[in-house]
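Read through the structure below, which is laid out as structure tokens, and then see the notes.
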Amino acid sequence: MSNLVVLSVMGMGVVAGALGATLGLGGGVLLVPYFRQVLGLPAAVASGISLTTVIATSTAVSAETAGRRLINLRLGMVLEVATAAGGLTGGLAAQWVSDRALDLQFAAVTALIAGVILTRLERRNIIPDPTADPGRLGGRFYDPDSGSDVVYRVRRLPLALVASWVAGAISGLLGIGGGVLKTPVLNAWCGVPLRAAAATSAFMIGVTAVAAAPIYYGQGKIDAPLAAAAVLGVLAGARAGQRLSETAPTRRLKVLMAAVLLAVSAVTLLRTW
Amino acid sequence: MVTDEPQRPERHGSLGPDPTNHLPPGGAPDPLERLIGRVLIAGTITATGLLALGLACWLAKPGGGIAAVFLDAGLVVLMATPVGRVVASVVEYARERDWLFVAITLAVLLVLAGTLVTAVRTAIGR
């Protein structure tokens, strides 16, 4: 592995991290196709390295949001049981699935994510009602946009558990964070406001990835210099992205990201078929 | 560094929670949230430091032994950090005598223990 390849991975990490932090995606969905389609690494190596960046992003982003009461810790802990079990299942299953099958699944999931992004361009879903009772799993946080407290209850917990398990299994199998699948479920179906859903999801994906990453590490699939380059790049990019996310034209970026993901999906599909 | 940034009290650029700067009307800071924040910051700083050191050594001398030690240490700390914050949650919920959440966080740890056992067994069998 030449120094040039390592540095290119770091550069790709910066781009993936910045876009990820701006749009609430992990960087993995862009890193995995770079490893697979550009560098030609085996699927397990691509997933393993990508999972380390998922852990790093989750940890760094949650370190930043902790203390703002945006992360719903209780809901996160409950759903982590399901998402970690899913991650472990995915990590185990990845040993038995061929690279070709993994690529086809990746193509399907990126197309799905693009669809999710495109159908949710305008979502805000903030209901300020400081007097509501959040219940045992609900939450309360201050929303600077509306300038008031937001209180919410969690609905349809079993659905959230199933979605977390599925997102965890996809994460463990394909090396992506899966937050882009969890956040809409929490938001649209379980009554969690978007900012809290995104923060809680970002908090959970670290544990999801940790349920799978050590299996790849134990198999020697995590190339250490490439993983270090990817992690450092993604973290640098995520810091820049967090600053950008307050002023960035999010709607246009979302359309751009969906277009990139559809292209990634098409290229993966064409090269695998 | 941005120096001409307008003053915005809702936001802080430093890594991690700043209890004096950000006390939203949403309520007092939760001790567990602050504990988790500290674990995550310590893990991020240690892991990125080790990985940066290891990568610098590796770029200077590819395949060097010292580089490998730093890189592996960094990856292990990185993977241990989310586990550490689950452990911290178990301890804090136990201190608050919230036994339901002690059980829930222990269940998460149980799954992660399953991962660890699988990983060690494949590493030995390799």
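We name chains A, B, ... following the order of the structure tokens; residues begin at 1 in each chain, and ligands are numbered from 1 as shown.
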Problem set entry | Within 10 Å of Leu50 in chain B using only C-alpha atoms, minus same-chain residues under 3 positions, as number ranges by chain | A: 228; B: 45-47, 53-56, 67, 69-75, 77-78
For this session: Please identify all polymer residues within 8 Å of Val86 in chain B, counting only C-alpha atoms, omitting same-chain residues fewer than 6 positions from it, and present them as a PyMOL selection string.
Result: chain B and resi 105+108-109
Store the residues picked out above, limited to all heavy atoms, as a JSON list (two decimals), in the first residue's frame.
[["chain", "number", "residue", "atom", "x", "y", "z"],
["B", 105, "THR", "N", -28.90, -1.79, 29.80],
["B", 105, "THR", "CA", -27.51, -1.52, 29.39],
["B", 105, "THR", "C", -26.64, -2.77, 29.55],
["B", 105, "THR", "O", -25.71, -2.98, 28.76],
["B", 105, "THR", "CB", -26.91, -0.34, 30.19],
["B", 105, "THR", "OG1", -27.35, -0.42, 31.54],
["B", 105, "THR", "CG2", -27.37, 0.99, 29.62],
["B", 108, "VAL", "N", -27.01, -4.76, 26.44],
["B", 108, "VAL", "CA", -26.13, -4.25, 25.36],
["B", 108, "VAL", "C", -24.72, -4.80, 25.56],
["B", 108, "VAL", "O", -24.08, -5.27, 24.61],
["B", 108, "VAL", "CB", -26.11, -2.70, 25.35],
["B", 108, "VAL", "CG1", -25.16, -2.19, 24.27],
["B", 108, "VAL", "CG2", -27.50, -2.14, 25.12],
["B", 109, "LEU", "N", -24.24, -4.75, 26.81],
["B", 109, "LEU", "CA", -22.89, -5.27, 27.08],
["B", 109, "LEU", "C", -22.78, -6.76, 26.76],
["B", 109, "LEU", "O", -21.75, -7.23, 26.29],
["B", 109, "LEU", "CB", -22.52, -5.05, 28.56],
["B", 109, "LEU", "CG", -21.94, -3.69, 28.93],
["B", 109, "LEU", "CD1", -21.47, -3.71, 30.38],
["B", 109, "LEU", "CD2", -20.78, -3.32, 28.02]]
For this session: Would you give me, as number ranges by chain, the residues of chain A that come within 8 Å of chain B, using only C-alpha atoms?
Result: A: 3, 52, 55-56, 59-60, 62-69, 73-74, 77-78, 80-81, 84-85, 88, 140-142, 144, 149-150, 206-207, 210-220, 224-225, 228-229, 231-232
For this session: Between A:Leu7, A:Ala230, A:Leu51, A:Leu39, single out the one closest to Gly87 in chain A, counting only C-alpha atoms.
Result: A:Leu51
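Taking CA of Ile222 in chain A as the reference point, CA of Met12 in chain A is found at 17.3 Å.
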So that I can check the surroundings of Pro249 in chain A, please list as a short mmCIF file (atom, residue, chain, number, x, y, z; two decimals) with N, CA and C atoms, in the first residue's frame every protein, DNA and RNA residue that reaches within 12 Å of it, counting only C-alpha atoms and ignoring chain neighbours fewer than 3 positions away.
data_model
loop_
_atom_site.label_atom_id
_atom_site.label_comp_id
_atom_site.auth_asym_id
_atom_site.auth_seq_id
_atom_site.Cartn_x
_atom_site.Cartn_y
_atom_site.Cartn_z
N LEU A 19 -19.47 15.84 4.17
CA LEU A 19 -20.83 15.65 3.65
C LEU A 19 -21.70 14.94 4.68
N THR A 22 -22.75 17.27 7.48
CA THR A 22 -23.69 18.29 7.01
C THR A 22 -25.08 17.71 6.81
N LEU A 23 -25.14 16.48 6.34
CA LEU A 23 -26.43 15.89 5.98
C LEU A 23 -26.93 14.86 6.98
N LEU A 121 -36.88 15.75 1.83
CA LEU A 121 -36.14 16.99 1.65
C LEU A 121 -36.61 18.11 2.59
N LEU A 244 -20.26 23.86 8.79
CA LEU A 244 -21.00 24.16 7.56
C LEU A 244 -22.50 23.95 7.72
N SER A 245 -22.86 22.94 8.53
CA SER A 245 -24.26 22.51 8.55
C SER A 245 -25.19 23.61 9.02
N GLU A 246 -24.64 24.63 9.70
CA GLU A 246 -25.51 25.69 10.19
C GLU A 246 -25.85 26.70 9.10
N ARG A 252 -30.16 21.67 -1.33
CA ARG A 252 -29.41 21.41 -2.54
C ARG A 252 -28.36 20.31 -2.32
N LEU A 253 -27.74 20.33 -1.11
CA LEU A 253 -26.76 19.29 -0.79
C LEU A 253 -27.42 17.92 -0.75
N LYS A 254 -28.64 17.87 -0.25
CA LYS A 254 -29.34 16.59 -0.19
C LYS A 254 -29.60 16.04 -1.58
N VAL A 255 -30.03 16.94 -2.48
CA VAL A 255 -30.27 16.51 -3.86
C VAL A 255 -28.97 16.01 -4.48
N LEU A 256 -27.88 16.77 -4.23
CA LEU A 256 -26.57 16.36 -4.75
C LEU A 256 -26.18 14.99 -4.22
#
Exercise. Using only C-alpha atoms, which of the listed residues (A:Thr268, A:Thr247, A:Thr200, A:Ser47) sits closest to Gly139 in chain A?
Worked result: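 Among the listed residues, A:Thr200 lies closest to Gly139 in chain A.
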Name the residues in contact with Phe106 in chain A at a cut-off of 8 Å, using only C-alpha atoms, excluding same-chain residues fewer than 4 positions from it; report them as a PDB file with N, CA, C and O atoms, in the first residue's frame.
ATOM      1  N   LEU A 102     -22.550  -9.130  -1.578  1.00  0.00           N
ATOM      2  CA  LEU A 102     -22.439  -7.920  -0.755  1.00  0.00           C
ATOM      3  C   LEU A 102     -22.521  -6.670  -1.624  1.00  0.00           C
ATOM      4  O   LEU A 102     -23.177  -5.686  -1.253  1.00  0.00           O
ATOM      5  N   THR A 110     -27.786   1.654  -1.186  1.00  0.00           N
ATOM      6  CA  THR A 110     -27.501   3.051  -1.542  1.00  0.00           C
ATOM      7  C   THR A 110     -28.666   3.655  -2.328  1.00  0.00           C
ATOM      8  O   THR A 110     -29.007   4.820  -2.115  1.00  0.00           O
ATOM      9  N   LEU A 174     -22.433  -4.391   5.659  1.00  0.00           N
ATOM     10  CA  LEU A 174     -21.928  -3.548   4.585  1.00  0.00           C
ATOM     11  C   LEU A 174     -20.964  -2.464   5.051  1.00  0.00           C
ATOM     12  O   LEU A 174     -20.366  -1.773   4.239  1.00  0.00           O
ATOM     13  N   SER A 265     -24.704   3.611  -6.764  1.00  0.00           N
ATOM     14  CA  SER A 265     -25.504   2.396  -6.866  1.00  0.00           C
ATOM     15  C   SER A 265     -25.420   1.831  -8.286  1.00  0.00           C
ATOM     16  O   SER A 265     -25.209   0.620  -8.477  1.00  0.00           O
ATOM     17  N   THR A 268     -21.884   0.428  -9.034  1.00  0.00           N
ATOM     18  CA  THR A 268     -21.697  -0.840  -8.324  1.00  0.00           C
ATOM     19  C   THR A 268     -22.459  -1.960  -9.029  1.00  0.00           C
ATOM     20  O   THR A 268     -21.943  -3.054  -9.251  1.00  0.00           O
TER      21      THR A 268
END
For this session: Find the spatial neighbours of Leu112 in chain A, counting only C-alpha atoms, within a cut-off of 12 Å - ignore same-chain residues fewer than 2 positions away - and output them as a ChimeraX atom specification.
Result: /A:29,105-110,114-119,178,180-181,258,261-262,264-265
File dump, residues just selected, C-alpha atoms, as a PDB file, in the first residue's frame:
ATOM      1  CA  VAL A  29     -21.699   5.110   2.303  1.00  0.00           C
ATOM      2  CA  GLN A 105     -26.854  -5.501  -1.468  1.00  0.00           C
ATOM      3  CA  PHE A 106     -24.757  -2.355  -1.249  1.00  0.00           C
ATOM      4  CA  ALA A 107     -26.151  -1.157  -4.587  1.00  0.00           C
ATOM      5  CA  ALA A 108     -29.696  -1.793  -3.335  1.00  0.00           C
ATOM      6  CA  VAL A 109     -29.109  -0.051   0.012  1.00  0.00           C
ATOM      7  CA  THR A 110     -27.501   3.051  -1.542  1.00  0.00           C
ATOM      8  CA  ALA A 114     -31.062   8.023  -2.033  1.00  0.00           C
ATOM      9  CA  GLY A 115     -34.826   7.457  -2.107  1.00  0.00           C
ATOM     10  CA  VAL A 116     -35.105   8.170   1.613  1.00  0.00           C
ATOM     11  CA  ILE A 117     -33.175  11.433   1.198  1.00  0.00           C
ATOM     12  CA  LEU A 118     -35.265  12.571  -1.779  1.00  0.00           C
ATOM     13  CA  THR A 119     -38.596  11.892  -0.078  1.00  0.00           C
ATOM     14  CA  GLY A 178     -27.197   2.941   9.039  1.00  0.00           C
ATOM     15  CA  VAL A 180     -29.831   7.369   7.526  1.00  0.00           C
ATOM     16  CA  LEU A 181     -32.272   4.465   7.878  1.00  0.00           C
ATOM     17  CA  ALA A 258     -28.953  11.571  -3.571  1.00  0.00           C
ATOM     18  CA  LEU A 261     -25.633   7.789  -4.221  1.00  0.00           C
ATOM     19  CA  LEU A 262     -27.720   6.820  -7.237  1.00  0.00           C
ATOM     20  CA  VAL A 264     -22.680   4.910  -6.828  1.00  0.00           C
ATOM     21  CA  SER A 265     -25.504   2.396  -6.866  1.00  0.00           C
TER      22      SER A 265
END
For this session: Determine, counting only C-alpha atoms, which protein, DNA and RNA residues have an atom within 8 Å of an atom of Ser58 in chain A; residues of the same chain fewer than 4 positions away are not included. Present the result as JSON, numbers by chain.
Result: {"A": [54, 62, 202, 203, 204, 205, 206]}
Can those selected residues be exported to a file as a PDB file, in the first residue's frame so that it contains C-alpha atoms?
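Result written to out03.pdb:
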ATOM      1  CA  VAL A  54     -18.477   4.909  11.775  1.00  0.00           C
ATOM      2  CA  SER A  62     -21.889  12.524  20.333  1.00  0.00           C
ATOM      3  CA  ALA A 202     -25.593   9.189  15.674  1.00  0.00           C
ATOM      4  CA  PHE A 203     -25.133   8.179  19.315  1.00  0.00           C
ATOM      5  CA  MET A 204     -26.299   4.603  18.667  1.00  0.00           C
ATOM      6  CA  ILE A 205     -24.332   3.804  15.505  1.00  0.00           C
ATOM      7  CA  GLY A 206     -21.050   3.692  17.447  1.00  0.00           C
TER       8      GLY A 206
END
